[in-house]
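Below is model_29.txt, holding compact mmCIF, C-alpha atoms and all ligand atoms.
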# COMPACT_ATOMS: atom_id res chain seq x y z
CA ASN A 2 22.33 -102.99 25.17
CA GLN A 3 25.11 -104.21 22.96
CA GLY A 4 25.04 -103.95 19.19
CA LEU A 5 24.97 -106.79 16.70
CA ALA A 6 28.75 -107.06 16.29
CA GLN A 7 29.10 -107.70 20.03
CA VAL A 8 26.06 -109.92 20.52
CA ASP A 9 26.43 -112.05 17.43
CA PRO A 10 29.62 -111.63 15.41
CA GLU A 11 28.68 -114.57 13.18
CA ILE A 12 25.48 -112.90 11.96
CA ALA A 13 27.27 -109.52 11.76
CA ALA A 14 29.74 -111.21 9.41
CA VAL A 15 26.85 -112.46 7.25
CA LEU A 16 25.47 -108.91 6.97
CA ASP A 17 28.91 -107.56 6.11
CA GLY A 18 29.47 -110.28 3.55
CA GLU A 19 26.08 -109.69 1.96
CA LEU A 20 26.59 -105.93 1.75
CA ALA A 21 29.93 -106.55 0.05
CA ARG A 22 28.33 -109.07 -2.33
CA GLN A 23 25.56 -106.65 -3.28
CA ARG A 24 28.10 -103.84 -3.79
CA ASP A 25 30.58 -105.87 -5.84
CA THR A 26 28.27 -107.73 -8.21
CA LEU A 27 25.57 -106.83 -10.72
CA GLU A 28 22.19 -107.90 -9.30
CA MET A 29 19.98 -108.96 -12.17
CA ILE A 30 17.48 -111.32 -10.56
CA ALA A 31 14.23 -109.96 -11.98
CA SER A 32 12.34 -110.24 -8.68
CA GLU A 33 14.95 -108.38 -6.63
CA ASN A 34 15.70 -104.73 -5.99
CA PHE A 35 17.64 -102.44 -3.64
CA VAL A 36 15.43 -100.67 -1.12
CA PRO A 37 16.16 -97.03 -0.35
CA ARG A 38 17.74 -96.06 2.99
CA ALA A 39 14.37 -94.73 4.17
CA VAL A 40 12.84 -98.20 3.77
CA LEU A 41 15.75 -99.87 5.59
CA GLU A 42 15.26 -97.43 8.47
CA ALA A 43 11.50 -97.98 8.75
CA GLN A 44 11.92 -101.74 8.54
CA GLY A 45 14.76 -101.89 11.07
CA SER A 46 12.77 -99.90 13.62
CA VAL A 47 11.06 -100.22 17.01
CA LEU A 48 7.76 -100.91 15.23
CA THR A 49 8.92 -104.54 15.17
CA ASN A 50 8.04 -104.63 18.88
CA LYS A 51 4.34 -103.94 18.42
CA TYR A 52 1.43 -106.34 18.29
CA ALA A 53 -1.49 -104.92 16.31
CA GLU A 54 -3.92 -107.70 15.41
CA GLY A 55 -6.93 -106.18 13.70
CA TYR A 56 -7.08 -103.06 11.53
CA PRO A 57 -6.58 -99.33 12.23
CA GLY A 58 -9.13 -98.19 14.82
CA ARG A 59 -10.24 -101.82 15.38
CA ARG A 60 -7.29 -103.49 17.14
CA TYR A 61 -7.23 -106.33 19.62
CA TYR A 62 -4.27 -104.73 21.46
CA GLY A 63 -3.76 -101.45 23.30
CA GLY A 64 -1.09 -98.93 22.40
CA CYS A 65 -1.74 -98.98 18.67
CA GLU A 66 -2.09 -95.22 18.19
CA GLN A 67 1.23 -94.83 16.35
CA VAL A 68 1.05 -97.96 14.22
CA ASP A 69 -2.52 -97.04 13.26
CA VAL A 70 -1.12 -93.91 11.64
CA ALA A 71 1.47 -95.94 9.74
CA GLU A 72 -1.05 -98.49 8.46
CA THR A 73 -3.59 -95.83 7.50
CA LEU A 74 -0.90 -94.01 5.51
CA ALA A 75 0.08 -97.24 3.77
CA ILE A 76 -3.56 -98.00 2.89
CA THR A 77 -4.33 -94.48 1.66
CA ARG A 78 -1.17 -94.31 -0.41
CA ALA A 79 -1.68 -97.75 -1.97
CA LYS A 80 -5.26 -96.86 -2.96
CA GLU A 81 -4.19 -93.54 -4.43
CA LEU A 82 -1.16 -94.92 -6.24
CA PHE A 83 -3.15 -97.60 -8.05
CA GLY A 84 -6.61 -96.00 -8.12
CA ALA A 85 -8.10 -98.84 -6.05
CA GLU A 86 -11.27 -98.83 -3.95
CA HIS A 87 -9.78 -100.93 -1.16
CA ALA A 88 -6.29 -101.90 0.01
CA ASN A 89 -5.06 -104.42 2.55
CA VAL A 90 -1.38 -103.86 3.37
CA GLN A 91 -0.90 -106.60 5.96
CA PRO A 92 0.16 -109.70 3.95
CA HIS A 93 3.59 -110.84 5.07
CA SER A 94 4.49 -111.91 1.53
CA GLY A 95 3.20 -112.31 -1.99
CA ALA A 96 2.34 -115.94 -1.30
CA THR A 97 0.26 -115.19 1.80
CA ALA A 98 -1.48 -112.36 -0.07
CA ASN A 99 -2.40 -114.88 -2.75
CA ALA A 100 -3.62 -117.43 -0.22
CA ALA A 101 -5.87 -114.75 1.26
CA VAL A 102 -7.22 -113.80 -2.17
CA LEU A 103 -8.36 -117.35 -2.91
CA HIS A 104 -9.62 -117.80 0.63
CA ALA A 105 -11.74 -114.64 0.18
CA LEU A 106 -13.08 -115.35 -3.29
CA ILE A 107 -13.86 -119.06 -3.30
CA ASN A 108 -14.31 -122.21 -1.25
CA LYS A 109 -12.25 -125.36 -0.97
CA GLY A 110 -12.84 -127.53 -4.02
CA ASP A 111 -13.79 -124.64 -6.31
CA LYS A 112 -12.06 -124.19 -9.64
CA ILE A 113 -9.17 -121.92 -10.58
CA LEU A 114 -7.58 -121.27 -13.97
CA GLY A 115 -4.12 -119.71 -14.22
CA LEU A 116 -0.97 -119.61 -16.31
CA GLU A 117 0.88 -122.93 -16.36
CA LEU A 118 3.81 -122.89 -13.91
CA ALA A 119 6.21 -124.19 -16.57
CA HIS A 120 5.15 -121.35 -18.88
CA GLY A 121 5.81 -118.56 -16.38
CA GLY A 122 3.03 -118.89 -13.79
CA HIS A 123 3.55 -118.82 -10.02
CA LEU A 124 3.43 -121.60 -7.43
CA THR A 125 0.39 -119.98 -5.79
CA HIS A 126 -1.57 -120.08 -9.06
CA GLY A 127 -2.22 -123.80 -8.79
CA MET A 128 1.02 -125.78 -8.43
CA LYS A 129 0.23 -129.32 -7.34
CA ILE A 130 2.00 -129.32 -3.97
CA ASN A 131 1.24 -125.66 -3.18
CA PHE A 132 -1.85 -124.84 -1.07
CA SER A 133 -3.46 -123.59 -4.29
CA GLY A 134 -3.10 -126.95 -5.97
CA LYS A 135 -4.22 -128.87 -2.90
CA LEU A 136 -7.29 -126.86 -1.95
CA TYR A 137 -8.69 -126.02 -5.36
CA GLU A 138 -9.39 -127.78 -8.62
CA VAL A 139 -6.78 -126.44 -11.01
CA SER A 140 -6.67 -126.02 -14.77
CA ALA A 141 -4.12 -124.00 -16.70
CA TYR A 142 -3.60 -122.07 -19.91
CA GLY A 143 -0.19 -122.01 -21.55
CA VAL A 144 1.68 -119.93 -24.09
CA ASP A 145 1.62 -120.60 -27.81
CA PRO A 146 4.43 -123.00 -28.82
CA ASP A 147 5.56 -120.74 -31.66
CA THR A 148 5.05 -117.19 -30.42
CA HIS A 149 5.43 -117.93 -26.68
CA LEU A 150 2.58 -115.46 -26.11
CA VAL A 151 -0.59 -116.05 -24.12
CA ASP A 152 -3.28 -116.54 -26.74
CA MET A 153 -6.54 -115.08 -25.40
CA ASP A 154 -8.63 -117.24 -27.74
CA LYS A 155 -7.08 -120.30 -26.08
CA VAL A 156 -7.67 -118.85 -22.63
CA ARG A 157 -11.33 -118.35 -23.56
CA GLU A 158 -11.61 -121.89 -24.93
CA THR A 159 -10.14 -123.36 -21.74
CA ALA A 160 -12.36 -121.16 -19.58
CA LEU A 161 -15.49 -122.21 -21.48
CA GLU A 162 -14.47 -125.84 -21.11
CA GLN A 163 -13.41 -125.75 -17.45
CA ARG A 164 -15.87 -123.14 -16.08
CA PRO A 165 -13.47 -121.85 -13.38
CA ASP A 166 -14.69 -119.85 -10.39
CA VAL A 167 -11.56 -117.67 -10.48
CA ILE A 168 -9.40 -116.77 -13.46
CA ILE A 169 -5.86 -115.67 -12.65
CA GLY A 170 -3.90 -113.22 -14.78
CA GLY A 171 -0.30 -112.65 -13.78
CA TRP A 172 3.10 -114.27 -13.99
CA SER A 173 6.59 -114.72 -12.61
CA ALA A 174 8.31 -115.09 -15.95
CA TYR A 175 6.62 -113.58 -19.01
CA PRO A 176 8.05 -110.68 -20.99
CA ARG A 177 4.92 -109.08 -22.45
CA HIS A 178 1.74 -107.30 -21.35
CA LEU A 179 -1.37 -109.33 -20.64
CA ASP A 180 -4.70 -108.19 -22.08
CA PHE A 181 -6.61 -107.47 -18.86
CA ALA A 182 -9.74 -106.30 -20.69
CA ALA A 183 -9.88 -109.63 -22.54
CA PHE A 184 -9.42 -111.52 -19.25
CA ARG A 185 -12.32 -109.50 -17.79
CA SER A 186 -14.62 -110.29 -20.65
CA ILE A 187 -13.80 -114.01 -20.47
CA ALA A 188 -14.37 -113.98 -16.71
CA ASP A 189 -17.75 -112.31 -17.24
CA GLU A 190 -18.67 -114.78 -19.96
CA VAL A 191 -18.05 -117.81 -17.74
CA GLY A 192 -19.20 -116.19 -14.48
CA ALA A 193 -15.75 -116.21 -12.85
CA LYS A 194 -14.02 -113.68 -10.64
CA LEU A 195 -10.89 -112.11 -12.11
CA TRP A 196 -7.78 -111.99 -9.92
CA VAL A 197 -4.62 -110.37 -11.27
CA ASP A 198 -1.30 -111.02 -9.52
CA MET A 199 0.85 -108.02 -10.49
CA ALA A 200 3.73 -108.95 -8.14
CA HIS A 201 6.30 -108.51 -10.88
CA PHE A 202 5.09 -105.47 -12.77
CA ALA A 203 3.44 -103.38 -10.02
CA GLY A 204 6.19 -100.75 -10.09
CA LEU A 205 5.69 -100.28 -13.82
CA VAL A 206 1.94 -99.90 -13.25
CA ALA A 207 2.57 -97.32 -10.50
CA ALA A 208 4.70 -95.34 -12.95
CA ASP A 209 2.04 -95.57 -15.70
CA LEU A 210 4.43 -97.54 -17.87
CA HIS A 211 2.36 -100.72 -17.95
CA PRO A 212 -1.41 -101.19 -18.37
CA SER A 213 -3.16 -101.31 -15.00
CA PRO A 214 -5.18 -104.38 -14.07
CA VAL A 215 -7.03 -102.46 -11.35
CA PRO A 216 -9.96 -101.21 -13.48
CA HIS A 217 -10.57 -104.74 -14.80
CA ALA A 218 -9.96 -107.15 -11.92
CA ASP A 219 -12.08 -107.99 -8.90
CA VAL A 220 -8.89 -108.33 -6.89
CA VAL A 221 -5.26 -107.46 -7.57
CA SER A 222 -2.46 -108.86 -5.41
CA SER A 223 1.18 -107.87 -5.40
CA THR A 224 4.50 -108.01 -3.70
CA VAL A 225 6.23 -104.79 -2.63
CA HIS A 226 9.83 -105.93 -3.09
CA LYS A 227 10.12 -106.47 -6.83
CA THR A 228 9.69 -103.52 -9.25
CA ILE A 229 8.26 -101.31 -6.47
CA GLY A 230 11.53 -101.72 -4.60
CA GLY A 231 10.06 -101.78 -1.09
CA PRO A 232 10.23 -104.20 1.85
CA ARG A 233 9.82 -107.94 1.24
CA SER A 234 6.04 -108.32 1.66
CA GLY A 235 2.65 -108.27 -0.10
CA PHE A 236 -0.56 -106.27 -0.42
CA ILE A 237 -4.01 -106.70 -1.92
CA LEU A 238 -6.19 -104.21 -3.80
CA SER A 239 -9.84 -104.89 -4.46
CA ARG A 240 -13.19 -103.55 -5.38
CA GLU A 241 -15.20 -102.35 -2.38
CA GLU A 242 -17.61 -105.28 -2.70
CA HIS A 243 -14.77 -107.69 -1.78
CA ALA A 244 -13.19 -105.51 0.93
CA LYS A 245 -14.65 -107.23 3.99
CA LYS A 246 -13.90 -110.72 2.73
CA ILE A 247 -10.33 -109.79 1.79
CA ASP A 248 -9.66 -108.21 5.17
CA SER A 249 -11.01 -111.15 7.12
CA ALA A 250 -9.17 -113.61 4.86
CA VAL A 251 -5.86 -111.88 5.71
CA PHE A 252 -6.66 -111.51 9.44
CA PRO A 253 -7.76 -113.74 11.07
CA GLY A 254 -7.96 -116.04 8.03
CA GLN A 255 -4.24 -116.28 7.21
CA GLN A 256 -2.22 -114.29 9.70
CA GLY A 257 -2.00 -113.12 13.29
CA GLY A 258 -0.23 -109.88 14.10
CA PRO A 259 0.88 -107.77 11.14
CA LEU A 260 4.57 -106.87 10.86
CA MET A 261 4.13 -103.18 11.65
CA HIS A 262 7.75 -102.25 10.85
CA VAL A 263 7.17 -103.74 7.40
CA VAL A 264 3.78 -102.03 7.05
CA ALA A 265 5.50 -98.70 7.83
CA ALA A 266 8.17 -99.48 5.25
CA LYS A 267 5.39 -100.21 2.73
CA ALA A 268 3.93 -96.76 3.43
CA VAL A 269 7.34 -95.24 2.67
CA SER A 270 7.63 -97.25 -0.55
CA PHE A 271 4.18 -96.24 -1.78
CA LYS A 272 5.05 -92.59 -1.12
CA ILE A 273 8.27 -92.95 -3.13
CA ALA A 274 6.42 -94.82 -5.89
CA GLY A 275 4.23 -91.77 -6.45
CA SER A 276 7.21 -89.52 -7.15
CA ALA A 277 8.59 -88.25 -10.47
CA GLU A 278 11.99 -89.78 -9.60
CA PHE A 279 10.37 -93.20 -9.28
CA ALA A 280 8.72 -92.89 -12.70
CA GLU A 281 12.04 -91.83 -14.21
CA ARG A 282 13.69 -94.88 -12.66
CA GLN A 283 11.03 -97.24 -14.01
CA GLY A 284 11.71 -95.73 -17.44
CA ARG A 285 15.36 -96.79 -17.05
CA VAL A 286 14.20 -100.25 -15.93
CA LEU A 287 12.26 -100.68 -19.17
CA ARG A 288 14.92 -99.23 -21.45
CA GLY A 289 17.56 -101.40 -19.78
CA ALA A 290 15.55 -104.56 -20.44
CA SER A 291 15.00 -103.54 -24.08
CA ILE A 292 18.70 -102.84 -24.54
CA ILE A 293 19.54 -106.32 -23.20
CA ALA A 294 16.91 -107.98 -25.37
CA GLU A 295 18.21 -106.16 -28.43
CA ARG A 296 21.82 -107.18 -27.79
CA LEU A 297 20.81 -110.80 -27.16
CA THR A 298 18.95 -110.96 -30.47
CA ALA A 299 21.91 -109.71 -32.54
CA PRO A 300 23.21 -112.18 -35.14
CA ASP A 301 26.49 -112.96 -33.31
CA VAL A 302 24.45 -114.15 -30.30
CA THR A 303 21.66 -115.98 -32.12
CA GLY A 304 24.39 -117.60 -34.24
CA ALA A 305 25.63 -119.24 -31.04
CA GLY A 306 22.17 -120.71 -30.37
CA VAL A 307 21.11 -118.10 -27.79
CA SER A 308 17.86 -116.20 -28.27
CA VAL A 309 15.20 -114.25 -26.43
CA LEU A 310 11.65 -115.54 -25.92
CA THR A 311 9.08 -113.50 -27.90
CA GLY A 312 12.00 -111.65 -29.53
CA GLY A 313 12.05 -108.86 -26.94
CA THR A 314 10.32 -107.45 -23.91
CA ASP A 315 7.69 -104.93 -22.76
CA VAL A 316 8.63 -105.21 -19.10
CA HIS A 317 11.57 -105.31 -16.67
CA LEU A 318 12.87 -108.73 -17.64
CA VAL A 319 14.21 -110.72 -20.54
CA LEU A 320 13.81 -114.47 -20.91
CA VAL A 321 16.80 -116.06 -22.57
CA ASP A 322 16.18 -119.23 -24.54
CA LEU A 323 19.12 -121.65 -24.41
CA ARG A 324 17.44 -124.64 -26.00
CA ARG A 325 19.85 -124.43 -28.98
CA SER A 326 22.87 -123.30 -26.96
CA GLU A 327 25.82 -125.39 -25.78
CA LEU A 328 25.03 -123.98 -22.30
CA ASP A 329 22.08 -125.15 -20.23
CA GLY A 330 20.39 -122.83 -17.71
CA GLN A 331 22.53 -124.00 -14.80
CA GLN A 332 25.78 -123.58 -16.73
CA ALA A 333 24.74 -120.13 -17.98
CA GLU A 334 23.76 -119.02 -14.46
CA ASP A 335 27.13 -120.28 -13.12
CA LEU A 336 29.08 -118.62 -15.94
CA LEU A 337 27.45 -115.23 -15.32
CA HIS A 338 27.98 -115.71 -11.59
CA SER A 339 31.69 -116.20 -12.24
CA VAL A 340 31.89 -112.83 -14.02
CA GLY A 341 29.95 -111.12 -11.19
CA ILE A 342 26.42 -111.04 -12.62
CA THR A 343 23.62 -112.65 -10.59
CA VAL A 344 20.65 -114.04 -12.52
CA ASN A 345 18.45 -117.09 -12.13
CA ARG A 346 18.02 -120.00 -14.45
CA ASN A 347 14.45 -120.45 -15.52
CA ALA A 348 12.56 -123.11 -17.42
CA VAL A 349 11.40 -122.00 -20.85
CA PRO A 350 8.00 -123.20 -22.06
CA PHE A 351 8.22 -126.74 -23.45
CA ASP A 352 11.66 -127.06 -21.85
CA PRO A 353 13.36 -130.34 -22.75
CA ARG A 354 15.66 -130.12 -19.70
CA PRO A 355 14.64 -130.92 -16.11
CA PRO A 356 13.46 -128.05 -13.85
CA ARG A 357 16.67 -128.11 -11.78
CA VAL A 358 18.76 -127.53 -14.90
CA THR A 359 16.45 -125.72 -17.37
CA SER A 360 17.13 -124.19 -20.77
CA GLY A 361 16.65 -120.57 -19.87
CA LEU A 362 17.69 -117.53 -17.89
CA ARG A 363 15.55 -114.76 -16.43
CA ILE A 364 17.39 -111.44 -16.45
CA GLY A 365 15.91 -108.31 -14.84
CA THR A 366 16.90 -104.66 -14.62
CA PRO A 367 15.07 -103.16 -11.56
CA ALA A 368 17.98 -103.47 -9.09
CA LEU A 369 20.53 -101.94 -11.44
CA ALA A 370 18.16 -99.10 -12.34
CA SER A 371 17.81 -98.43 -8.58
CA ARG A 372 21.60 -98.38 -8.43
CA GLY A 373 21.52 -95.57 -11.01
CA PHE A 374 22.22 -97.41 -14.26
CA GLY A 375 21.02 -95.76 -17.47
CA ASP A 376 21.28 -96.56 -21.18
CA ALA A 377 25.09 -96.42 -21.34
CA GLU A 378 25.59 -98.81 -18.41
CA PHE A 379 22.87 -101.20 -19.60
CA THR A 380 24.51 -101.25 -23.03
CA GLU A 381 27.77 -102.34 -21.39
CA VAL A 382 25.98 -104.92 -19.19
CA ALA A 383 24.16 -106.29 -22.24
CA ASP A 384 27.45 -106.73 -24.09
CA ILE A 385 29.08 -108.47 -21.12
CA ILE A 386 26.17 -110.93 -20.92
CA ALA A 387 26.08 -111.43 -24.70
CA THR A 388 29.82 -112.07 -24.86
CA ALA A 389 29.70 -114.57 -21.98
CA LEU A 390 26.73 -116.49 -23.37
CA LYS A 391 27.97 -116.69 -26.93
CA ASP A 392 31.52 -117.70 -25.90
CA GLY A 393 30.21 -120.25 -23.38
CA ALA A 394 32.91 -122.50 -21.92
CA SER A 395 35.66 -120.51 -23.67
CA ALA A 396 34.52 -117.11 -22.28
CA ASP A 397 37.31 -114.84 -21.01
CA VAL A 398 36.04 -114.65 -17.45
CA THR A 399 38.86 -112.44 -16.16
CA THR A 400 38.26 -109.70 -18.71
CA LEU A 401 34.47 -109.84 -18.30
CA ARG A 402 34.82 -109.72 -14.51
CA ALA A 403 37.02 -106.58 -14.85
CA ARG A 404 34.29 -104.91 -16.95
CA VAL A 405 31.73 -105.74 -14.23
CA GLU A 406 34.04 -104.29 -11.55
CA LYS A 407 34.32 -101.04 -13.47
CA LEU A 408 30.52 -100.72 -13.47
CA THR A 409 30.08 -101.57 -9.78
CA ALA A 410 32.86 -99.15 -8.79
CA GLY A 411 31.17 -96.35 -10.74
CA PHE A 412 27.87 -96.80 -8.88
CA PRO A 413 28.54 -97.25 -5.15
CA LEU A 414 25.70 -99.00 -3.38
CA TYR A 415 24.59 -97.78 0.07
CA PRO A 416 27.69 -95.55 0.36
CA ASP A 417 26.71 -94.48 3.90
CA LEU A 418 26.25 -97.99 5.30
CA ARG A 419 29.14 -99.11 7.47
CA GLN A 420 30.42 -102.62 7.89
CA TYR A 421 30.07 -104.08 11.39
N1 LIG B 501 3.24 -113.85 -7.18
C1 LIG B 501 4.14 -113.78 -8.18
C2 LIG B 501 3.65 -113.55 -9.56
C3 LIG B 501 5.49 -113.94 -7.91
O1 LIG B 501 6.38 -113.91 -8.91
C4 LIG B 501 5.90 -114.16 -6.57
C5 LIG B 501 7.32 -114.30 -6.19
O2 LIG B 501 8.14 -114.79 -6.84
C6 LIG B 501 4.93 -114.25 -5.58
C7 LIG B 501 3.62 -114.08 -5.92
C8 LIG B 501 5.27 -114.62 -4.17
O3 LIG B 501 5.90 -113.66 -3.45
P1 LIG B 501 6.67 -114.04 -2.11
O4 LIG B 501 7.97 -114.62 -2.53
O5 LIG B 501 6.78 -112.72 -1.40
O6 LIG B 501 5.83 -115.00 -1.35

Would you mind writing the file's structure down as structure tokens?
Amino acid sequence: NQGLAQVDPEIAAVLDGELARQRDTLEMIASENFVPRAVLEAQGSVLTNKYAEGYPGRRYYGGCEQVDVAETLAITRAKELFGAEHANVQPHSGATANAAVLHALINKGDKILGLELAHGGHLTHGMKINFSGKLYEVSAYGVDPDTHLVDMDKVRETALEQRPDVIIGGWSAYPRHLDFAAFRSIADEVGAKLWVDMAHFAGLVAADLHPSPVPHADVVSSTVHKTIGGPRSGFILSREEHAKKIDSAVFPGQQGGPLMHVVAAKAVSFKIAGSAEFAERQGRVLRGASIIAERLTAPDVTGAGVSVLTGGTDVHLVLVDLRRSELDGQQAEDLLHSVGITVNRNAVPFDPRPPRVTSGLRIGTPALASRGFGDAEFTEVADIIATALKDGASADVTTLRARVEKLTAGFPLYPDLRQY
């Protein structure tokens, strides 16, 4: 009955190193967050021992009385939080949730229409070597070359031309709201189902700070670990008419036993996401992103060839356009890493550089808002990023790194967690 440090010192060292890394750097990957202690506890619990194939009250294993309570709470809370008729909380991840959605709604060879991967779409929305691109006939809509916005007239044109069976709204890298009502009306016009993947902005929807796709879409999928700040996993909301098909597409269609420790942690996250504190935090997420966008569109920054796609943001992330900068996406990511800020490089639409290099950065604020950052701290972060990007190769890394250290020291992360 030995602990991790005794059984496996090498992995204990990884956990220690990662805790130190998270504490000592500024985490600004838009799809990441810091889960609360309560979520860590639920996820690192004895529920990991339990097999529970099936659904609450309808399991294929005995001894499910406790996990049934956990899953029922997760389902009830997800439905309430988003005003949905049906919820499935078993998907292991966003990608498996999405596979189940398509499995439920259409058949192999049917047609899907989603946002172009290179314009901010997701792999599961039709990328060639993803299951979605292999099993279905894919067409895509893009963003306008000048505004970088999704133009709903173009979406309609493409939909009328392609006659998809499913239209997908949702993105991994897009800084504005989508018009879900317009997507619904196009779907109705061409006789398609509407699926919205709100993986990125679900936390904002929960806090009523982003339009909800739920009233418009047949099915809405999401992750729990991005803006919601819960365990790494997925869930699916749907209209009642699709409930049975969604449930059987998840199990037995995609998965075997659900991860009940993760399902319990989802229940905890949905409870937290209904609180006033959560809404206040999402407000800081949005203001932080706006503060960064504003700083990165100031003349001293744009003068150095750095700008922000669409000129700003409505959500938790900012897309930096480096097409005119001396830095490419890889160099910018490395430079920020050297000052202690973690972001990811990201292709911009119509990117002249290859996908491994890119001409963009995706910068998000959810993790730092969870850490407690407000306007003052985001203003400082924005200036550190702006200074690094405009100075490029001649940036004063030592001074910038010291400014980052002052911020991380002022907001201790997981102060009660001990090193192994
Ligand atoms: N959907 C969208 C829009 C995403 O951005 C992502 C993750 O990046 C996913 C789905 C997939 O989630 P996961 O990484 O949990 O499979």

Task: Shell of 9 Å around ligand LIG 501 (chain B) (all atoms listed in the file), written as a VMD selection string - done: chain A and resid 32 93 to 99 121 to 126 171 to 174 198 to 202 222 to 227 233 to 235

- [ ] Tell me which protein, DNA and RNA residues are within 8 Å of A:Ala370, counting all atoms listed in the file, leaving out same-chain ones fewer than 2 positions away, and put them as a VMD selection string.
- [x] chain A and resid 282 to 283 285 to 286 289 366 to 368 372 to 375

Name all residues at most 9 Å from A:Lys112 (count all atoms listed in the file; drop same-chain ones fewer than 5 positions away) and give them as a PDB file with C-alpha atoms, in the frame of the given file.
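Output contents, as saved in result.pdb:
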ATOM      1  CA  ILE A 107     -13.860-119.060  -3.300  1.00  0.00           C
ATOM      2  CA  TYR A 137      -8.690-126.020  -5.360  1.00  0.00           C
ATOM      3  CA  GLU A 138      -9.390-127.780  -8.620  1.00  0.00           C
ATOM      4  CA  VAL A 139      -6.780-126.440 -11.010  1.00  0.00           C
ATOM      5  CA  SER A 140      -6.670-126.020 -14.770  1.00  0.00           C
ATOM      6  CA  GLN A 163     -13.410-125.750 -17.450  1.00  0.00           C
ATOM      7  CA  ARG A 164     -15.870-123.140 -16.080  1.00  0.00           C
ATOM      8  CA  PRO A 165     -13.470-121.850 -13.380  1.00  0.00           C
ATOM      9  CA  ASP A 166     -14.690-119.850 -10.390  1.00  0.00           C
ATOM     10  CA  VAL A 167     -11.560-117.670 -10.480  1.00  0.00           C
ATOM     11  CA  ILE A 168      -9.400-116.770 -13.460  1.00  0.00           C
TER      12      ILE A 168
END

Open item on the list: Show me, as a list in words, the residues that have an atom within 7 Å of A:Ala294 when counting all atoms listed in the file, minus same-chain residues fewer than 4 positions from it.
Closed with: Ala290, Thr298, Val309, Gly313, Thr314 and Val319 of chain A

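Residue neighbourhood of A:Pro253, excluding near-sequence residues (fewer than 5 positions): Glu54, Gly55, Tyr56, Arg60, Tyr61, Gln91, Pro92, Ala101, His104, Ala105, Lys245, Lys246, Ile247, Asp248, Gly258 and Pro259 of chain A, at 12 Å, using only C-alpha atoms.
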
TODO: Find the residues near stretch 340-344 of chain A: any atom within 12 Å, counting all atoms listed in the file, skip ones fewer than 3 places away on the same chain, and give them as a ChimeraX atom specification.
DONE: /A:22-33,318-321,330-337,347,361-366,368-369,382-383,385-386,388-390,396-409
